[in-house]
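Next up, run22.txt (compact mmCIF, C-alpha atoms):
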```txt
# COMPACT_ATOMS: atom_id res chain seq x y z
CA MET A 1 13.51 -11.99 -0.23
CA ALA A 2 15.28 -9.72 -2.70
CA LEU A 3 16.71 -12.80 -4.44
CA THR A 4 13.23 -14.27 -4.80
CA THR A 5 11.97 -11.01 -6.25
CA LEU A 6 14.78 -10.84 -8.79
CA GLY A 7 14.05 -14.46 -9.68
CA ILE A 8 10.42 -13.60 -10.33
CA ILE A 9 11.51 -10.79 -12.65
CA ARG A 10 14.05 -12.84 -14.60
CA LEU A 11 12.49 -16.28 -14.98
CA ARG A 12 10.38 -17.06 -18.02
CA ASN A 13 9.04 -20.40 -16.85
CA LEU A 14 5.78 -19.41 -15.20
CA PHE A 15 5.71 -22.54 -13.05
CA SER A 16 8.92 -21.47 -11.29
CA VAL A 17 7.54 -17.94 -10.98
CA VAL A 18 4.48 -19.21 -9.14
CA ILE A 19 6.55 -21.41 -6.82
CA LEU A 20 8.88 -18.47 -6.13
CA SER A 21 5.91 -16.28 -5.27
CA THR A 22 4.83 -18.94 -2.77
CA ILE A 23 8.28 -18.85 -1.16
CA TYR A 24 8.01 -15.06 -1.16
CA SER A 25 4.68 -15.27 0.65
CA PHE A 26 6.15 -17.47 3.37
CA LEU A 27 9.06 -15.06 3.80
CA MET A 28 6.54 -12.25 4.01
CA ALA A 29 4.62 -14.13 6.70
CA THR A 30 7.85 -14.54 8.69
CA LEU A 31 8.54 -10.83 8.37
CA LEU A 32 5.03 -9.99 9.59
CA LEU A 33 5.62 -12.29 12.55
CA ILE A 34 8.74 -10.30 13.40
CA PHE A 35 6.63 -7.13 13.21
CA ASP A 36 4.29 -8.61 15.90
CA ALA A 37 1.41 -9.01 13.48
CA VAL A 38 0.60 -12.63 14.27
CA ASP A 39 -2.94 -12.62 12.86
CA VAL A 40 -1.80 -11.04 9.62
CA ALA A 41 1.07 -13.53 9.36
CA LEU A 42 -1.33 -16.45 9.72
CA THR A 43 -3.65 -15.03 7.09
CA GLU A 44 -0.80 -14.31 4.70
CA ALA A 45 0.56 -17.85 5.07
CA ALA A 46 -2.85 -19.36 4.46
CA VAL A 47 -4.12 -17.02 1.74
CA GLY A 48 -0.97 -15.77 0.02
CA ALA A 49 0.95 -19.03 0.06
CA GLY A 50 -1.97 -21.42 -0.04
CA ILE A 51 -5.00 -20.23 -1.96
CA SER A 52 -3.30 -17.94 -4.47
CA THR A 53 -0.79 -20.69 -5.39
CA VAL A 54 -3.61 -23.12 -6.04
CA LEU A 55 -5.44 -20.52 -8.15
CA MET A 56 -2.34 -19.68 -10.21
CA LEU A 57 -1.46 -23.33 -10.79
CA THR A 58 -5.03 -23.91 -11.98
CA VAL A 59 -4.67 -21.06 -14.45
CA LEU A 60 -1.33 -22.45 -15.64
CA TYR A 61 -3.02 -25.79 -16.23
CA TYR A 62 -5.41 -24.08 -18.64
CA THR A 63 -2.84 -21.85 -20.35
CA LYS A 64 0.77 -21.98 -21.49
CA VAL A 65 3.59 -22.47 -19.01
CA ASN A 66 6.34 -20.54 -20.80
CA GLU A 67 6.51 -16.81 -21.20
CA GLU A 68 7.45 -15.23 -24.53
CA LYS A 69 10.35 -12.84 -24.78
CA PRO A 70 9.02 -9.28 -24.60
CA LYS A 71 9.12 -7.50 -27.94
CA PHE A 72 10.22 -4.14 -26.64
CA LYS A 73 13.26 -3.34 -24.55
CA SER A 74 12.42 -2.63 -20.94
CA ILE A 75 14.64 0.45 -20.55
CA LEU A 76 11.81 2.97 -20.34
CA PRO A 77 9.85 1.10 -17.62
CA LEU A 78 13.12 0.67 -15.71
CA ILE A 79 13.79 4.41 -15.85
CA ILE A 80 10.23 5.19 -14.77
CA CYS A 81 10.44 2.73 -11.87
CA LEU A 82 13.81 4.04 -10.71
CA THR A 83 12.49 7.61 -10.82
CA ILE A 84 9.49 6.66 -8.72
CA GLY A 85 11.78 4.77 -6.34
CA GLY A 86 13.98 7.84 -5.95
CA LEU A 87 10.96 9.99 -5.19
CA LEU A 88 9.77 7.46 -2.61
CA ILE A 89 13.18 7.37 -0.94
CA TYR A 90 13.04 11.16 -0.76
CA GLY A 91 9.63 10.71 0.88
CA THR A 92 11.04 8.48 3.63
CA TYR A 93 12.87 11.45 5.16
CA GLY A 94 9.54 12.68 6.48
CA LEU A 95 8.61 9.36 8.08
CA PRO A 96 9.25 8.39 11.71
CA PRO A 97 12.10 5.99 12.53
CA PHE A 98 11.44 2.29 12.91
CA GLY A 99 10.32 0.98 16.31
CA ALA A 100 9.74 4.34 18.01
CA SER A 101 6.79 4.58 20.37
CA ASP A 102 6.02 8.32 20.27
CA THR A 103 4.83 8.44 16.65
CA PRO A 104 1.27 9.47 15.69
CA ILE A 105 0.29 5.86 14.97
CA HIS A 106 0.80 4.94 18.63
CA THR A 107 -0.59 8.06 20.26
CA HIS A 108 -4.06 8.51 18.79
CA ILE A 109 -6.48 5.65 18.26
CA SER A 110 -4.43 2.56 19.07
CA VAL A 111 -4.10 3.47 22.74
CA GLN A 112 -7.87 3.79 23.04
CA TYR A 113 -8.38 0.38 21.51
CA LEU A 114 -5.76 -1.24 23.73
CA GLU A 115 -7.18 0.32 26.90
CA ARG A 116 -10.88 -0.19 26.29
CA SER A 117 -10.97 -3.45 24.40
CA MET A 118 -10.86 -5.75 27.43
CA SER A 119 -13.60 -4.00 29.42
CA GLU A 120 -15.89 -3.30 26.46
CA THR A 121 -15.70 -6.53 24.48
CA GLY A 122 -13.99 -9.04 26.75
CA VAL A 123 -11.74 -10.35 23.99
CA PRO A 124 -8.03 -10.43 24.92
CA ASN A 125 -6.91 -10.38 21.28
CA VAL A 126 -7.27 -6.70 20.36
CA VAL A 127 -7.05 -7.35 16.62
CA THR A 128 -10.07 -9.64 16.79
CA SER A 129 -12.08 -7.22 18.89
CA VAL A 130 -11.36 -4.30 16.58
CA LEU A 131 -12.06 -6.37 13.47
CA ALA A 132 -15.30 -7.92 14.64
CA SER A 133 -16.64 -5.35 17.06
CA TYR A 134 -15.44 -1.78 16.58
CA ARG A 135 -15.04 -2.00 12.81
CA GLY A 136 -17.65 -4.65 12.10
CA PHE A 137 -19.02 -2.68 9.17
CA ASP A 138 -15.60 -2.79 7.50
CA THR A 139 -15.66 -6.54 7.74
CA LEU A 140 -19.19 -6.60 6.35
CA GLY A 141 -17.96 -4.54 3.39
CA GLU A 142 -15.09 -6.96 2.93
CA VAL A 143 -17.51 -9.88 2.80
CA ILE A 144 -19.52 -7.98 0.17
CA VAL A 145 -16.36 -7.47 -1.90
CA VAL A 146 -15.51 -11.18 -1.74
CA PHE A 147 -19.10 -12.06 -2.67
CA THR A 148 -19.01 -9.71 -5.67
CA ALA A 149 -15.70 -11.19 -6.77
CA ALA A 150 -17.15 -14.69 -6.56
CA ILE A 151 -20.13 -13.64 -8.69
CA GLY A 152 -17.73 -12.04 -11.17
CA VAL A 153 -15.56 -15.14 -11.45
CA LEU A 154 -18.58 -17.38 -11.95
CA SER A 155 -20.14 -15.17 -14.61
CA ILE A 156 -16.83 -14.77 -16.49
CA LEU A 157 -16.09 -18.47 -16.51
CA LYS A 158 -19.59 -19.60 -17.40
CA ARG A 159 -19.27 -21.83 -20.45
CA ASP A 160 -22.72 -21.91 -22.02
CA LYS A 161 -23.74 -18.59 -23.50
CA ILE A 162 -27.29 -17.38 -23.12
CA MET B 1 28.77 10.00 10.31
CA SER B 2 27.16 7.91 13.03
CA SER B 3 23.92 9.84 12.68
CA THR B 4 23.90 8.99 8.95
CA ILE B 5 24.24 5.30 9.79
CA TYR B 6 21.51 5.64 12.43
CA ASN B 7 19.21 7.29 9.90
CA PHE B 8 19.87 4.53 7.39
CA ILE B 9 19.17 1.72 9.85
CA SER B 10 16.10 3.37 11.35
CA SER B 11 14.45 3.70 7.97
CA TYR B 12 15.78 0.43 6.53
CA ASN B 13 12.25 -1.04 6.48
CA TYR B 14 11.16 1.73 4.12
CA TYR B 15 14.00 0.89 1.72
CA VAL B 16 12.88 -2.76 1.65
CA ILE B 17 9.32 -1.62 0.94
CA ILE B 18 10.43 0.70 -1.84
CA PHE B 19 12.52 -2.03 -3.45
CA LEU B 20 9.57 -4.45 -3.45
CA MET B 21 7.24 -1.72 -4.68
CA ILE B 22 9.30 -0.70 -7.67
CA SER B 23 10.07 -4.31 -8.62
CA GLY B 24 6.35 -5.09 -8.57
CA LEU B 25 5.65 -1.99 -10.64
CA PHE B 26 8.44 -2.95 -13.05
CA ILE B 27 6.95 -6.41 -13.61
CA VAL B 28 3.49 -4.96 -14.18
CA VAL B 29 4.72 -2.38 -16.70
CA SER B 30 7.34 -4.29 -18.64
CA ARG B 31 6.20 -7.92 -18.83
CA GLY B 32 3.62 -8.93 -21.41
CA ASN B 33 2.49 -12.19 -19.90
CA MET B 34 -0.74 -11.74 -17.96
CA VAL B 35 -0.05 -14.30 -15.23
CA LYS B 36 3.28 -12.63 -14.57
CA LYS B 37 1.60 -9.24 -14.45
CA LEU B 38 -0.72 -10.56 -11.75
CA VAL B 39 2.24 -11.93 -9.77
CA GLY B 40 3.81 -8.46 -10.01
CA LEU B 41 0.58 -6.91 -8.80
CA ALA B 42 0.56 -9.26 -5.79
CA LEU B 43 4.18 -8.28 -5.10
CA PHE B 44 3.23 -4.61 -5.14
CA GLN B 45 0.35 -5.36 -2.78
CA THR B 46 2.49 -7.19 -0.23
CA SER B 47 4.92 -4.26 -0.17
CA VAL B 48 1.98 -2.11 0.92
CA TYR B 49 1.31 -4.61 3.74
CA ILE B 50 4.75 -3.98 5.22
CA LEU B 51 4.33 -0.24 4.64
CA TYR B 52 1.32 -0.36 6.95
CA ILE B 53 2.53 -2.91 9.48
CA SER B 54 6.12 -1.81 10.08
CA PRO B 55 5.38 1.63 11.62
CA GLY B 56 3.05 -0.14 14.07
CA LYS B 57 5.94 -2.06 15.60
CA ILE B 58 7.41 -0.81 18.88
CA LEU B 59 10.84 -2.07 19.87
CA ASN B 60 10.56 -4.44 22.86
CA GLY B 61 6.81 -4.52 22.30
CA THR B 62 4.77 -7.64 21.79
CA ALA B 63 1.78 -8.75 19.75
CA PRO B 64 -1.49 -6.99 20.70
CA ILE B 65 -2.96 -9.82 22.75
CA LEU B 66 -3.68 -8.50 26.22
CA ASP B 67 -1.93 -10.18 29.13
CA ASP B 68 -0.78 -9.13 32.57
CA VAL B 69 2.84 -9.99 31.87
CA TYR B 70 3.31 -7.43 29.09
CA SER B 71 2.67 -3.72 29.02
CA ILE B 72 3.98 -2.60 25.61
CA TYR B 73 1.97 -3.70 22.62
CA SER B 74 2.35 -3.00 18.94
CA SER B 75 -0.45 -1.01 17.39
CA PRO B 76 -3.39 -3.32 16.53
CA PHE B 77 -5.02 -0.96 14.08
CA PRO B 78 -2.84 -1.51 10.97
CA HIS B 79 -3.14 -5.26 11.50
CA VAL B 80 -6.91 -5.03 11.17
CA LEU B 81 -6.68 -2.93 8.02
CA ILE B 82 -4.20 -5.31 6.41
CA LEU B 83 -6.26 -8.38 7.27
CA THR B 84 -9.04 -6.82 5.23
CA ALA B 85 -6.58 -5.90 2.48
CA ILE B 86 -5.26 -9.47 2.17
CA VAL B 87 -8.73 -10.92 1.71
CA VAL B 88 -9.72 -8.23 -0.80
CA GLY B 89 -6.41 -8.85 -2.57
CA ILE B 90 -7.08 -12.55 -3.04
CA ALA B 91 -10.57 -11.69 -4.35
CA THR B 92 -9.17 -9.35 -7.01
CA LEU B 93 -6.47 -11.89 -7.86
CA ALA B 94 -9.10 -14.56 -8.42
CA LEU B 95 -11.08 -12.19 -10.64
CA GLY B 96 -7.98 -11.32 -12.68
CA LEU B 97 -7.00 -14.95 -13.11
CA SER B 98 -10.49 -15.86 -14.29
CA LEU B 99 -10.22 -13.05 -16.85
CA VAL B 100 -6.89 -14.57 -17.98
CA ILE B 101 -8.56 -17.96 -18.48
CA ARG B 102 -11.35 -16.31 -20.46
CA VAL B 103 -8.89 -14.39 -22.69
CA ASN B 104 -7.00 -17.62 -23.31
CA GLU B 105 -10.21 -19.39 -24.32
CA GLU B 106 -11.18 -16.62 -26.69
CA PHE B 107 -7.84 -15.78 -28.33
CA GLY B 108 -5.58 -18.75 -27.53
CA THR B 109 -2.84 -16.63 -25.97
CA ILE B 110 -2.10 -14.69 -22.80
CA GLU B 111 0.72 -12.58 -24.24
CA GLU B 112 -0.14 -8.93 -24.80
CA ASP B 113 2.07 -8.60 -27.90
CA GLU B 114 0.36 -11.52 -29.64
CA LEU B 115 -3.04 -10.15 -28.67
CA PHE B 116 -2.20 -6.81 -30.31
CA ASP B 117 -0.92 -8.60 -33.43
CA ASN B 118 -4.07 -10.68 -33.78
CA GLU B 119 -6.40 -7.73 -33.50
CA PRO B 120 -8.66 -7.87 -36.59
CA ASN B 121 -9.05 -4.16 -37.34
CA ASN B 122 -5.34 -3.46 -36.93
CA GLU B 123 -4.05 -1.37 -39.82
```
Would you mind writing the file's structure down as structure tokens?
Amino acid sequence: MALTTLGIIRLRNLFSVVILSTIYSFLMATLLLIFDAVDVALTEAAVGAGISTVLMLTVLYYTKVNEEKPKFKSILPLIICLTIGGLLIYGTYGLPPFGASDTPIHTHISVQYLERSMSETGVPNVVTSVLASYRGFDTLGEVIVVFTAAIGVLSILKRDKI
Amino acid sequence: MSSTIYNFISSYNYYVIIFLMISGLFIVVSRGNMVKKLVGLALFQTSVYILYISPGKILNGTAPILDDVYSIYSSPFPHVLILTAIVVGIATLALGLSLVIRVNEEFGTIEEDELFDNEPNNE
């Protein structure tokens, strides 16, 4: 995964960058599978590796495939990024260890969902029941966002000007 | 010494996340090509996915699909949030890419440096 990321940074041929990002998405889906997030892994494999690759290849068809050499040296962004990374690593000292079961994330709302989902909705997959039943308004908002994005894409790409 | 190693291993997932995060940020800040910027943005976004999902994992737990055989489940809540985030992410990506196509139609380039050079009222 790290190798793929470094490849994305270094390569100037955008076609290889897009293919590498597809590989990255599949690796990410595998990682999510290891973290027990099967629904998210499926979505990531379909959306991240499938749809976004198709979209990016379409854009590359319309534009140039090779990237120009950047005019400025990238020392300053590197320093900024490393500083932020250092701060984030400092931040990890306050976070719970990996795989523990007594952390706040497992003791508040998740337990309620896991206990009540079967009797209240009858759906064995808790992710589905939370997504469609308990947090249905979230999903409605998500649909609105996708709809707005579709309208935006159509109005940006419209050829004939009024 | 052993506690240091334990600390390192138990927060190894956070180090992976931070590496992905800063590399995504680095691409966004330092690269001029717009398609590459969007790839960097997607990279940054996926690092946030693991940031949410990985604390939800319990060792020896299983996926949150109820069954009599299992009793320990990972937390379903971050999964729901990230499902929404993935779909919203692809929507913003599509919007950004359409903007790239439009910029290319109008100015004939997707490099930021060339765009700044071609600016008409540039003194």
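Separating CA of Leu97 (chain B) from CA of Leu57 (chain A) is a distance of 10.3 Å.
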Interatomic distance (Å, one decimal) between CA of Gly108 (chain B) and CA of Ile51 (chain A): 25.6 Å
Could you pull the residues within 10 Å of Leu27 (chain A), counting only C-alpha atoms, minus those fewer than 2 positions along the same chain, as number ranges by chain? A: 1, 4, 21-25, 29-33, 41, 44-45, 49
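Proximity to Leu115 (chain B) was assessed for B:Met34, B:Ile5, B:Leu81, B:Leu59 counting only C-alpha atoms; the smallest distance is recorded for B:Met34.
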At a cut-off of 12 Å around the point (8.8, -4.3, -13.1) (file coordinates), what residues fall inside when counting all atoms listed in the file? I'd like the answer as JSON, numbers by chain. {"A": [5, 6, 7, 8, 9, 10, 74, 75, 76, 77, 78, 79, 80, 81, 82, 84, 85], "B": [19, 20, 21, 22, 23, 24, 25, 26, 27, 28, 29, 30, 31, 32, 36, 37, 38, 39, 40, 41, 43, 44]}
What separates CA of Phe107 (chain B) and CA of Asn33 (chain B) is a distance of 13.8 Å
Might you pull out every residue within 7 Å of Ile53 (chain B), with all atoms listed in the file counted and same-chain residues fewer than 2 positions away left off, and present them as a list in words? Phe35 of chain A; Tyr49, Ile50, Leu51, Pro55, Gly56, Pro78 and His79 of chain B
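With all atoms listed in the file as the basis for measurement, A:Ile89 is the residue among A:Ile34, A:Met56, A:Val47, A:Ile89 that approaches Ile17 (chain B) most closely.
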Determine, counting only C-alpha atoms, which protein, DNA and RNA residues have an atom within 10 Å of an atom of region 137-144 of chain A; residues of the same chain fewer than 5 positions away are not included. Present the result as a ChimeraX atom specification. /A:131-132,149-150 /B:80-81,83-85,87-88,91
Those same residues, written as a tab-separated table (two decimals), in the frame of the given file with C-alpha atoms?
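Final output, again26.tsv:
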```
chain	number	residue	atom	x	y	z
A	131	LEU	CA	-12.06	-6.37	13.47
A	132	ALA	CA	-15.30	-7.92	14.64
A	149	ALA	CA	-15.70	-11.19	-6.77
A	150	ALA	CA	-17.15	-14.69	-6.56
B	80	VAL	CA	-6.91	-5.03	11.17
B	81	LEU	CA	-6.68	-2.93	8.02
B	83	LEU	CA	-6.26	-8.38	7.27
B	84	THR	CA	-9.04	-6.82	5.23
B	85	ALA	CA	-6.58	-5.90	2.48
B	87	VAL	CA	-8.73	-10.92	1.71
B	88	VAL	CA	-9.72	-8.23	-0.80
B	91	ALA	CA	-10.57	-11.69	-4.35
```
Got a sec: who's within 10 Å of Ile110 (chain B), counting all atoms listed in the file, leaving out chain neighbours fewer than 4 positions off, as a ChimeraX atom specification? /A:63-64,67-68 /B:32-35,100-105,114-115
From the list A:Ile156, A:Leu20, A:Val40, A:Val54, which residue is nearest Tyr52 (chain B) when using all atoms listed in the file? A:Val40
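Comparing the minimum interatomic distances between chain A and each of B:Phe77, B:Val48, B:Tyr70, B:Phe8, counting all atoms listed in the file, we find that B:Phe77 sits nearest.
Proximity to Ser133 (chain A) was assessed for A:Thr92, A:Ser16, A:Thr53, A:Thr121 counting all atoms listed in the file; the smallest distance is recorded for A:Thr121.
Using only C-alpha atoms, the shortest contact distance between chain B and any of A:Ser52, A:Ala46, A:Ser119, A:Tyr61 is found at A:Ser52.
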Dump as a PyMOL selection string all residues having an atom at most 9 Å from (-17.9, -13.8, -16.2), computed in the file's coordinates with only C-alpha atoms. (chain A and resi 151-158) or (chain B and resi 95+98-99+102)
